[in-house]
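Source file: start.pdb (PDB, C-alpha atoms)
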```pdb
ATOM      1  CA  MET A   1    -104.868 148.248  -2.131  1.00  0.00           C
ATOM      2  CA  LYS A   2    -108.537 147.258  -1.938  1.00  0.00           C
ATOM      3  CA  ILE A   3    -110.484 148.502  -4.931  1.00  0.00           C
ATOM      4  CA  ARG A   4    -114.024 149.575  -4.142  1.00  0.00           C
ATOM      5  CA  VAL A   5    -116.658 148.612  -6.683  1.00  0.00           C
ATOM      6  CA  LYS A   6    -119.806 150.606  -7.399  1.00  0.00           C
ATOM      7  CA  ILE A   7    -122.449 148.847  -9.456  1.00  0.00           C
ATOM      8  CA  CYS A   8    -124.630 151.400 -11.193  1.00  0.00           C
ATOM      9  CA  CYS A   9    -128.070 151.383 -12.836  1.00  0.00           C
ATOM     10  CA  ILE A  10    -129.569 149.277 -10.028  1.00  0.00           C
ATOM     11  CA  SER A  11    -133.254 148.797 -10.856  1.00  0.00           C
ATOM     12  CA  ASP A  12    -134.777 147.183  -7.746  1.00  0.00           C
ATOM     13  CA  ARG A  13    -134.019 145.530  -4.397  1.00  0.00           C
ATOM     14  CA  GLY A  14    -133.247 142.224  -6.132  1.00  0.00           C
ATOM     15  CA  GLU A  15    -130.470 143.759  -8.212  1.00  0.00           C
ATOM     16  CA  ALA A  16    -129.205 145.617  -5.145  1.00  0.00           C
ATOM     17  CA  ASN A  17    -128.957 142.355  -3.191  1.00  0.00           C
ATOM     18  CA  LEU A  18    -127.222 140.625  -6.106  1.00  0.00           C
ATOM     19  CA  ALA A  19    -124.631 143.401  -6.363  1.00  0.00           C
ATOM     20  CA  VAL A  20    -123.940 143.488  -2.616  1.00  0.00           C
ATOM     21  CA  GLU A  21    -123.630 139.692  -2.411  1.00  0.00           C
ATOM     22  CA  ALA A  22    -121.084 139.802  -5.246  1.00  0.00           C
ATOM     23  CA  GLY A  23    -118.991 142.324  -3.287  1.00  0.00           C
ATOM     24  CA  ALA A  24    -120.183 145.801  -4.289  1.00  0.00           C
ATOM     25  CA  SER A  25    -119.309 148.610  -1.877  1.00  0.00           C
ATOM     26  CA  ALA A  26    -121.814 151.005  -3.421  1.00  0.00           C
ATOM     27  CA  LEU A  27    -125.001 151.051  -5.483  1.00  0.00           C
ATOM     28  CA  GLY A  28    -125.727 153.614  -8.201  1.00  0.00           C
ATOM     29  CA  LEU A  29    -129.370 154.712  -8.366  1.00  0.00           C
ATOM     30  CA  VAL A  30    -130.145 156.774 -11.453  1.00  0.00           C
ATOM     31  CA  GLY A  31    -132.624 159.635 -11.238  1.00  0.00           C
ATOM     32  CA  HIS A  32    -134.030 161.565 -14.191  1.00  0.00           C
ATOM     33  CA  MET A  33    -131.476 161.996 -16.999  1.00  0.00           C
ATOM     34  CA  PRO A  34    -131.559 163.586 -20.460  1.00  0.00           C
ATOM     35  CA  SER A  35    -130.259 160.295 -21.919  1.00  0.00           C
ATOM     36  CA  GLY A  36    -128.705 156.975 -20.961  1.00  0.00           C
ATOM     37  CA  PRO A  37    -129.736 153.763 -19.192  1.00  0.00           C
ATOM     38  CA  GLY A  38    -130.907 152.819 -15.739  1.00  0.00           C
ATOM     39  CA  VAL A  39    -133.331 155.631 -14.864  1.00  0.00           C
ATOM     40  CA  ILE A  40    -135.809 154.646 -12.136  1.00  0.00           C
ATOM     41  CA  PRO A  41    -138.502 156.639 -10.284  1.00  0.00           C
ATOM     42  CA  ASP A  42    -137.549 158.450  -7.095  1.00  0.00           C
ATOM     43  CA  VAL A  43    -139.884 156.228  -5.083  1.00  0.00           C
ATOM     44  CA  VAL A  44    -137.910 153.159  -6.191  1.00  0.00           C
ATOM     45  CA  ILE A  45    -134.602 154.866  -5.401  1.00  0.00           C
ATOM     46  CA  ALA A  46    -135.897 155.622  -1.903  1.00  0.00           C
ATOM     47  CA  ASP A  47    -137.012 152.002  -1.437  1.00  0.00           C
ATOM     48  CA  ILE A  48    -133.620 150.582  -2.460  1.00  0.00           C
ATOM     49  CA  ALA A  49    -131.732 153.100  -0.311  1.00  0.00           C
ATOM     50  CA  LEU A  50    -133.867 152.257   2.721  1.00  0.00           C
ATOM     51  CA  ALA A  51    -133.196 148.525   2.346  1.00  0.00           C
ATOM     52  CA  ALA A  52    -129.448 148.750   1.698  1.00  0.00           C
ATOM     53  CA  PRO A  53    -127.066 147.434   4.398  1.00  0.00           C
ATOM     54  CA  PRO A  54    -125.514 150.181   6.577  1.00  0.00           C
ATOM     55  CA  ALA A  55    -121.985 149.782   5.172  1.00  0.00           C
ATOM     56  CA  VAL A  56    -123.076 150.092   1.544  1.00  0.00           C
ATOM     57  CA  GLY A  57    -122.966 153.458  -0.209  1.00  0.00           C
ATOM     58  CA  THR A  58    -126.222 154.459  -1.871  1.00  0.00           C
ATOM     59  CA  PHE A  59    -125.415 156.943  -4.629  1.00  0.00           C
ATOM     60  CA  LEU A  60    -128.197 159.084  -6.086  1.00  0.00           C
ATOM     61  CA  LEU A  61    -127.212 160.050  -9.634  1.00  0.00           C
ATOM     62  CA  THR A  62    -128.777 163.453 -10.196  1.00  0.00           C
ATOM     63  CA  SER A  63    -128.679 165.660 -13.274  1.00  0.00           C
ATOM     64  CA  ALA A  64    -129.784 168.670 -11.233  1.00  0.00           C
ATOM     65  CA  THR A  65    -127.367 171.588 -11.437  1.00  0.00           C
ATOM     66  CA  THR A  66    -128.442 173.924  -8.631  1.00  0.00           C
ATOM     67  CA  GLY A  67    -127.934 173.455  -4.910  1.00  0.00           C
ATOM     68  CA  THR A  68    -131.656 173.861  -4.247  1.00  0.00           C
ATOM     69  CA  GLU A  69    -132.645 171.153  -6.750  1.00  0.00           C
ATOM     70  CA  ILE A  70    -129.913 168.775  -5.580  1.00  0.00           C
ATOM     71  CA  VAL A  71    -130.878 169.134  -1.920  1.00  0.00           C
ATOM     72  CA  GLN A  72    -134.535 168.589  -2.791  1.00  0.00           C
ATOM     73  CA  HIS A  73    -133.710 165.459  -4.802  1.00  0.00           C
ATOM     74  CA  VAL A  74    -131.556 163.938  -2.053  1.00  0.00           C
ATOM     75  CA  THR A  75    -134.131 164.793   0.623  1.00  0.00           C
ATOM     76  CA  THR A  76    -136.778 162.971  -1.417  1.00  0.00           C
ATOM     77  CA  VAL A  77    -134.824 159.719  -1.817  1.00  0.00           C
ATOM     78  CA  ARG A  78    -132.674 159.734   1.350  1.00  0.00           C
ATOM     79  CA  THR A  79    -129.479 158.239  -0.093  1.00  0.00           C
ATOM     80  CA  ASN A  80    -126.227 158.654   1.852  1.00  0.00           C
ATOM     81  CA  THR A  81    -124.318 159.955  -1.184  1.00  0.00           C
ATOM     82  CA  VAL A  82    -125.103 162.169  -4.152  1.00  0.00           C
ATOM     83  CA  GLN A  83    -123.336 161.761  -7.483  1.00  0.00           C
ATOM     84  CA  ILE A  84    -123.592 165.009  -9.435  1.00  0.00           C
ATOM     85  CA  VAL A  85    -123.334 163.931 -13.059  1.00  0.00           C
ATOM     86  CA  ASP A  86    -123.273 167.342 -14.756  1.00  0.00           C
ATOM     87  CA  ARG A  87    -121.143 170.433 -14.304  1.00  0.00           C
ATOM     88  CA  ILE A  88    -122.379 172.735 -11.548  1.00  0.00           C
ATOM     89  CA  SER A  89    -121.108 176.061 -10.342  1.00  0.00           C
ATOM     90  CA  PRO A  90    -118.605 175.639  -7.480  1.00  0.00           C
ATOM     91  CA  GLY A  91    -120.674 178.278  -5.687  1.00  0.00           C
ATOM     92  CA  GLU A  92    -123.519 175.746  -5.269  1.00  0.00           C
ATOM     93  CA  TYR A  93    -121.457 173.508  -2.975  1.00  0.00           C
ATOM     94  CA  PRO A  94    -121.691 175.579   0.252  1.00  0.00           C
ATOM     95  CA  TYR A  95    -125.502 175.502   0.126  1.00  0.00           C
ATOM     96  CA  ILE A  96    -125.554 171.705  -0.291  1.00  0.00           C
ATOM     97  CA  ARG A  97    -123.089 171.279   2.592  1.00  0.00           C
ATOM     98  CA  ALA A  98    -125.083 173.599   4.851  1.00  0.00           C
ATOM     99  CA  GLN A  99    -128.418 171.911   4.153  1.00  0.00           C
ATOM    100  CA  LEU A 100    -127.186 168.291   4.218  1.00  0.00           C
ATOM    101  CA  PRO A 101    -124.024 168.225   6.374  1.00  0.00           C
ATOM    102  CA  GLY A 102    -123.813 164.425   6.573  1.00  0.00           C
ATOM    103  CA  LEU A 103    -124.111 163.889   2.830  1.00  0.00           C
ATOM    104  CA  LYS A 104    -121.137 162.625   0.809  1.00  0.00           C
ATOM    105  CA  ILE A 105    -120.754 164.408  -2.530  1.00  0.00           C
ATOM    106  CA  VAL A 106    -119.203 162.737  -5.571  1.00  0.00           C
ATOM    107  CA  GLN A 107    -118.628 165.014  -8.544  1.00  0.00           C
ATOM    108  CA  VAL A 108    -118.517 163.465 -12.014  1.00  0.00           C
ATOM    109  CA  VAL A 109    -115.987 164.790 -14.499  1.00  0.00           C
ATOM    110  CA  HIS A 110    -116.425 163.574 -18.069  1.00  0.00           C
ATOM    111  CA  VAL A 111    -112.920 163.061 -19.410  1.00  0.00           C
ATOM    112  CA  LEU A 112    -112.837 164.619 -22.875  1.00  0.00           C
ATOM    113  CA  ASP A 113    -109.345 166.092 -23.189  1.00  0.00           C
ATOM    114  CA  ASP A 114    -106.583 167.739 -21.148  1.00  0.00           C
ATOM    115  CA  ARG A 115    -108.963 170.513 -20.075  1.00  0.00           C
ATOM    116  CA  SER A 116    -110.734 167.897 -17.969  1.00  0.00           C
ATOM    117  CA  VAL A 117    -107.755 167.935 -15.598  1.00  0.00           C
ATOM    118  CA  GLU A 118    -108.348 171.591 -14.796  1.00  0.00           C
ATOM    119  CA  GLU A 119    -112.059 170.956 -14.250  1.00  0.00           C
ATOM    120  CA  ALA A 120    -111.367 167.989 -11.977  1.00  0.00           C
ATOM    121  CA  LEU A 121    -108.882 169.882  -9.825  1.00  0.00           C
ATOM    122  CA  GLU A 122    -111.376 172.708  -9.286  1.00  0.00           C
ATOM    123  CA  TYR A 123    -113.968 170.241  -8.008  1.00  0.00           C
ATOM    124  CA  ALA A 124    -111.380 168.314  -5.973  1.00  0.00           C
ATOM    125  CA  SER A 125    -111.278 171.134  -3.437  1.00  0.00           C
ATOM    126  CA  LEU A 126    -115.065 170.885  -2.970  1.00  0.00           C
ATOM    127  CA  ALA A 127    -116.209 167.271  -3.347  1.00  0.00           C
ATOM    128  CA  ASP A 128    -115.571 164.185  -1.212  1.00  0.00           C
ATOM    129  CA  ALA A 129    -114.617 162.167  -4.292  1.00  0.00           C
ATOM    130  CA  LEU A 130    -114.422 162.447  -8.067  1.00  0.00           C
ATOM    131  CA  LEU A 131    -115.839 160.006 -10.580  1.00  0.00           C
ATOM    132  CA  LEU A 132    -114.207 160.053 -14.005  1.00  0.00           C
ATOM    133  CA  ASP A 133    -116.621 159.000 -16.744  1.00  0.00           C
ATOM    134  CA  SER A 134    -116.945 159.024 -20.527  1.00  0.00           C
ATOM    135  CA  GLY A 135    -120.016 161.121 -21.219  1.00  0.00           C
ATOM    136  CA  ASN A 136    -120.213 164.442 -23.024  1.00  0.00           C
ATOM    137  CA  PRO A 137    -122.177 167.279 -21.391  1.00  0.00           C
ATOM    138  CA  ASN A 138    -121.460 169.533 -24.388  1.00  0.00           C
ATOM    139  CA  LEU A 139    -123.862 167.742 -26.738  1.00  0.00           C
ATOM    140  CA  GLN A 140    -127.314 169.111 -27.516  1.00  0.00           C
ATOM    141  CA  VAL A 141    -128.753 166.076 -25.725  1.00  0.00           C
ATOM    142  CA  LYS A 142    -126.284 165.668 -22.899  1.00  0.00           C
ATOM    143  CA  GLU A 143    -124.553 162.330 -22.285  1.00  0.00           C
ATOM    144  CA  LEU A 144    -124.063 162.163 -18.529  1.00  0.00           C
ATOM    145  CA  GLY A 145    -123.110 158.517 -18.070  1.00  0.00           C
ATOM    146  CA  GLY A 146    -123.834 154.949 -19.088  1.00  0.00           C
ATOM    147  CA  THR A 147    -122.176 155.301 -22.487  1.00  0.00           C
ATOM    148  CA  GLY A 148    -120.144 152.087 -22.268  1.00  0.00           C
ATOM    149  CA  ARG A 149    -117.182 153.962 -23.772  1.00  0.00           C
ATOM    150  CA  ILE A 150    -113.590 154.015 -22.548  1.00  0.00           C
ATOM    151  CA  HIS A 151    -111.851 157.378 -22.271  1.00  0.00           C
ATOM    152  CA  ASP A 152    -108.150 158.267 -22.130  1.00  0.00           C
ATOM    153  CA  TRP A 153    -106.883 156.608 -18.951  1.00  0.00           C
ATOM    154  CA  ALA A 154    -103.671 158.644 -19.086  1.00  0.00           C
ATOM    155  CA  ILE A 155    -105.713 161.785 -18.375  1.00  0.00           C
ATOM    156  CA  SER A 156    -107.513 159.973 -15.559  1.00  0.00           C
ATOM    157  CA  ARG A 157    -104.159 158.924 -14.117  1.00  0.00           C
ATOM    158  CA  THR A 158    -103.042 162.561 -14.059  1.00  0.00           C
ATOM    159  CA  ILE A 159    -106.237 163.590 -12.292  1.00  0.00           C
ATOM    160  CA  ARG A 160    -105.889 160.779  -9.750  1.00  0.00           C
ATOM    161  CA  GLU A 161    -102.278 161.766  -9.006  1.00  0.00           C
ATOM    162  CA  ARG A 162    -103.133 165.420  -8.487  1.00  0.00           C
ATOM    163  CA  ALA A 163    -106.637 165.405  -6.989  1.00  0.00           C
ATOM    164  CA  GLY A 164    -105.830 164.606  -3.364  1.00  0.00           C
ATOM    165  CA  ILE A 165    -109.246 162.960  -2.838  1.00  0.00           C
ATOM    166  CA  PRO A 166    -110.603 159.506  -3.781  1.00  0.00           C
ATOM    167  CA  VAL A 167    -111.162 158.939  -7.486  1.00  0.00           C
ATOM    168  CA  PHE A 168    -113.536 156.410  -9.047  1.00  0.00           C
ATOM    169  CA  LEU A 169    -112.944 155.291 -12.629  1.00  0.00           C
ATOM    170  CA  ALA A 170    -115.924 154.618 -14.923  1.00  0.00           C
ATOM    171  CA  GLY A 171    -116.548 154.196 -18.627  1.00  0.00           C
ATOM    172  CA  GLY A 172    -116.660 150.937 -20.564  1.00  0.00           C
ATOM    173  CA  LEU A 173    -115.206 148.727 -17.821  1.00  0.00           C
ATOM    174  CA  THR A 174    -115.602 144.950 -18.133  1.00  0.00           C
ATOM    175  CA  ALA A 175    -114.039 141.806 -16.680  1.00  0.00           C
ATOM    176  CA  GLN A 176    -111.715 141.813 -19.702  1.00  0.00           C
ATOM    177  CA  ASN A 177    -110.221 145.286 -19.227  1.00  0.00           C
ATOM    178  CA  VAL A 178    -110.637 146.199 -15.549  1.00  0.00           C
ATOM    179  CA  ARG A 179    -107.188 144.931 -14.492  1.00  0.00           C
ATOM    180  CA  ALA A 180    -105.527 147.038 -17.178  1.00  0.00           C
ATOM    181  CA  ALA A 181    -107.652 150.028 -16.106  1.00  0.00           C
ATOM    182  CA  ILE A 182    -106.680 149.630 -12.455  1.00  0.00           C
ATOM    183  CA  GLU A 183    -102.990 149.320 -13.328  1.00  0.00           C
ATOM    184  CA  ALA A 184    -103.171 152.368 -15.604  1.00  0.00           C
ATOM    185  CA  VAL A 185    -105.043 154.700 -13.247  1.00  0.00           C
ATOM    186  CA  GLN A 186    -104.747 153.153  -9.754  1.00  0.00           C
ATOM    187  CA  PRO A 187    -108.121 154.527  -8.678  1.00  0.00           C
ATOM    188  CA  PHE A 188    -109.786 154.333  -5.274  1.00  0.00           C
ATOM    189  CA  GLY A 189    -112.684 152.518  -6.918  1.00  0.00           C
ATOM    190  CA  VAL A 190    -114.297 151.491 -10.182  1.00  0.00           C
ATOM    191  CA  ASP A 191    -117.853 152.021 -11.380  1.00  0.00           C
ATOM    192  CA  LEU A 192    -119.788 150.183 -14.059  1.00  0.00           C
ATOM    193  CA  CYS A 193    -123.250 149.597 -15.455  1.00  0.00           C
ATOM    194  CA  SER A 194    -123.420 147.823 -18.825  1.00  0.00           C
ATOM    195  CA  GLY A 195    -120.309 145.677 -18.248  1.00  0.00           C
ATOM    196  CA  VAL A 196    -122.158 143.363 -15.847  1.00  0.00           C
ATOM    197  CA  ARG A 197    -125.520 143.268 -17.625  1.00  0.00           C
ATOM    198  CA  THR A 198    -127.184 141.083 -20.231  1.00  0.00           C
ATOM    199  CA  ALA A 199    -130.199 142.529 -22.066  1.00  0.00           C
ATOM    200  CA  GLY A 200    -130.231 145.322 -19.486  1.00  0.00           C
ATOM    201  CA  LYS A 201    -130.480 143.002 -16.469  1.00  0.00           C
ATOM    202  CA  LEU A 202    -127.767 142.474 -13.870  1.00  0.00           C
ATOM    203  CA  ASP A 203    -126.011 139.199 -14.734  1.00  0.00           C
ATOM    204  CA  LYS A 204    -124.724 137.089 -11.821  1.00  0.00           C
ATOM    205  CA  ARG A 205    -122.132 135.318 -13.966  1.00  0.00           C
ATOM    206  CA  LYS A 206    -120.743 138.595 -15.324  1.00  0.00           C
ATOM    207  CA  LEU A 207    -120.613 139.995 -11.785  1.00  0.00           C
ATOM    208  CA  GLU A 208    -118.625 136.979 -10.628  1.00  0.00           C
ATOM    209  CA  GLU A 209    -116.243 137.302 -13.575  1.00  0.00           C
ATOM    210  CA  PHE A 210    -115.759 141.011 -12.886  1.00  0.00           C
ATOM    211  CA  PHE A 211    -114.949 140.544  -9.221  1.00  0.00           C
ATOM    212  CA  SER A 212    -112.671 137.608 -10.025  1.00  0.00           C
ATOM    213  CA  ALA A 213    -110.757 139.836 -12.463  1.00  0.00           C
ATOM    214  CA  ILE A 214    -110.363 142.543  -9.813  1.00  0.00           C
ATOM    215  CA  HIS A 215    -109.077 140.108  -7.195  1.00  0.00           C
ATOM    216  CA  ALA A 216    -106.842 138.180  -9.601  1.00  0.00           C
TER     217      ALA A 216
END
```
Can I see the file as structure tokens?
Amino acid sequence: MKIRVKICCISDRGEANLAVEAGASALGLVGHMPSGPGVIPDVVIADIALAAPPAVGTFLLTSATTGTEIVQHVTTVRTNTVQIVDRISPGEYPYIRAQLPGLKIVQVVHVLDDRSVEEALEYASLADALLLDSGNPNLQVKELGGTGRIHDWAISRTIRERAGIPVFLAGGLTAQNVRAAIEAVQPFGVDLCSGVRTAGKLDKRKLEEFFSAIHA
């Protein structure tokens, strides 16, 4: 099974090109967040999305939690996919679908405990894909991604088995642990930010090592 790779926290066209040349299927473009790395202005997100090759997914990471705000954000940057990084009411989905019918929606579920399975299955009937990450939206200052932490892959495996839609695995992935993660969860794709960076910049050598580990 081919594992899709999404490289997140892309900062400019140069990093986007580097990721695509290494083999990335998708680019993560981080909008305003309460915390975490990789945030870039909407104008830069729009520029990267415009320049991306047609077959590459451009994922807007938005912390917006209402359909109106999400549609406005996507309309501003014109990505082909939105990654909703916080919990939103399931009732917001029909509005997003009606306003942007061609948009792919990826819902993030932060895997905290067994209750995350229930949350994921509710969203699985609404989203095009799930992304299982290691943040914590319950904190006073929400963690909505980019933590570099691994979560319980056994819970992610359960979600993947029951979801019925593609599942991306994120959270602390590196060249050293990605094979074990893939074997444990068997996801549709993997997603990472810090694992292929040095001093915050995308690192060509780490990218090559990561893709080599996936294809090994």
Within 9 Å of Phe168 of chain A using all atoms listed in the file, minus same-chain residues under 5 positions, as a list in words: Arg4, Val5, Lys6, Ala129, Leu130, Leu131, Leu132, Asp133, Arg160, Pro187, Phe188, Gly189, Val190 and Asp191 of chain A
Polymer residues at most 9 Å from Pro94 of chain A, only C-alpha atoms, same-chain spacing of 5 or more positions, as an MDAnalysis selection string: chainID A and resid 67 99 126
From A:Asp203, A:Glu209, A:Glu21, A:Asp12, residue lying nearest Val39 of chain A [all atoms listed in the file]: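 For Val39 of chain A, the nearest of the given residues is A:Asp12.
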Evaluate the PyMOL selection byres ((chain A and resi 107) around 7) and report residues as number ranges by chain: A: 83-85, 105-106, 108-109, 127, 129-131
Which of A:Ser11, A:Ser63, A:Thr68, A:Thr147 sits closest to Pro41 of chain A [using all atoms listed in the file]: A:Ser11
Pairwise distance for atom CA of Thr198 of chain A and atom CA of Ala180 of chain A, rounded to one decimal in Å: 22.7 Å
Atomic distance atom CA of Ile182 of chain A - atom CA of Lys206 of chain A, expressed in Å with one decimal: 18.1 Å
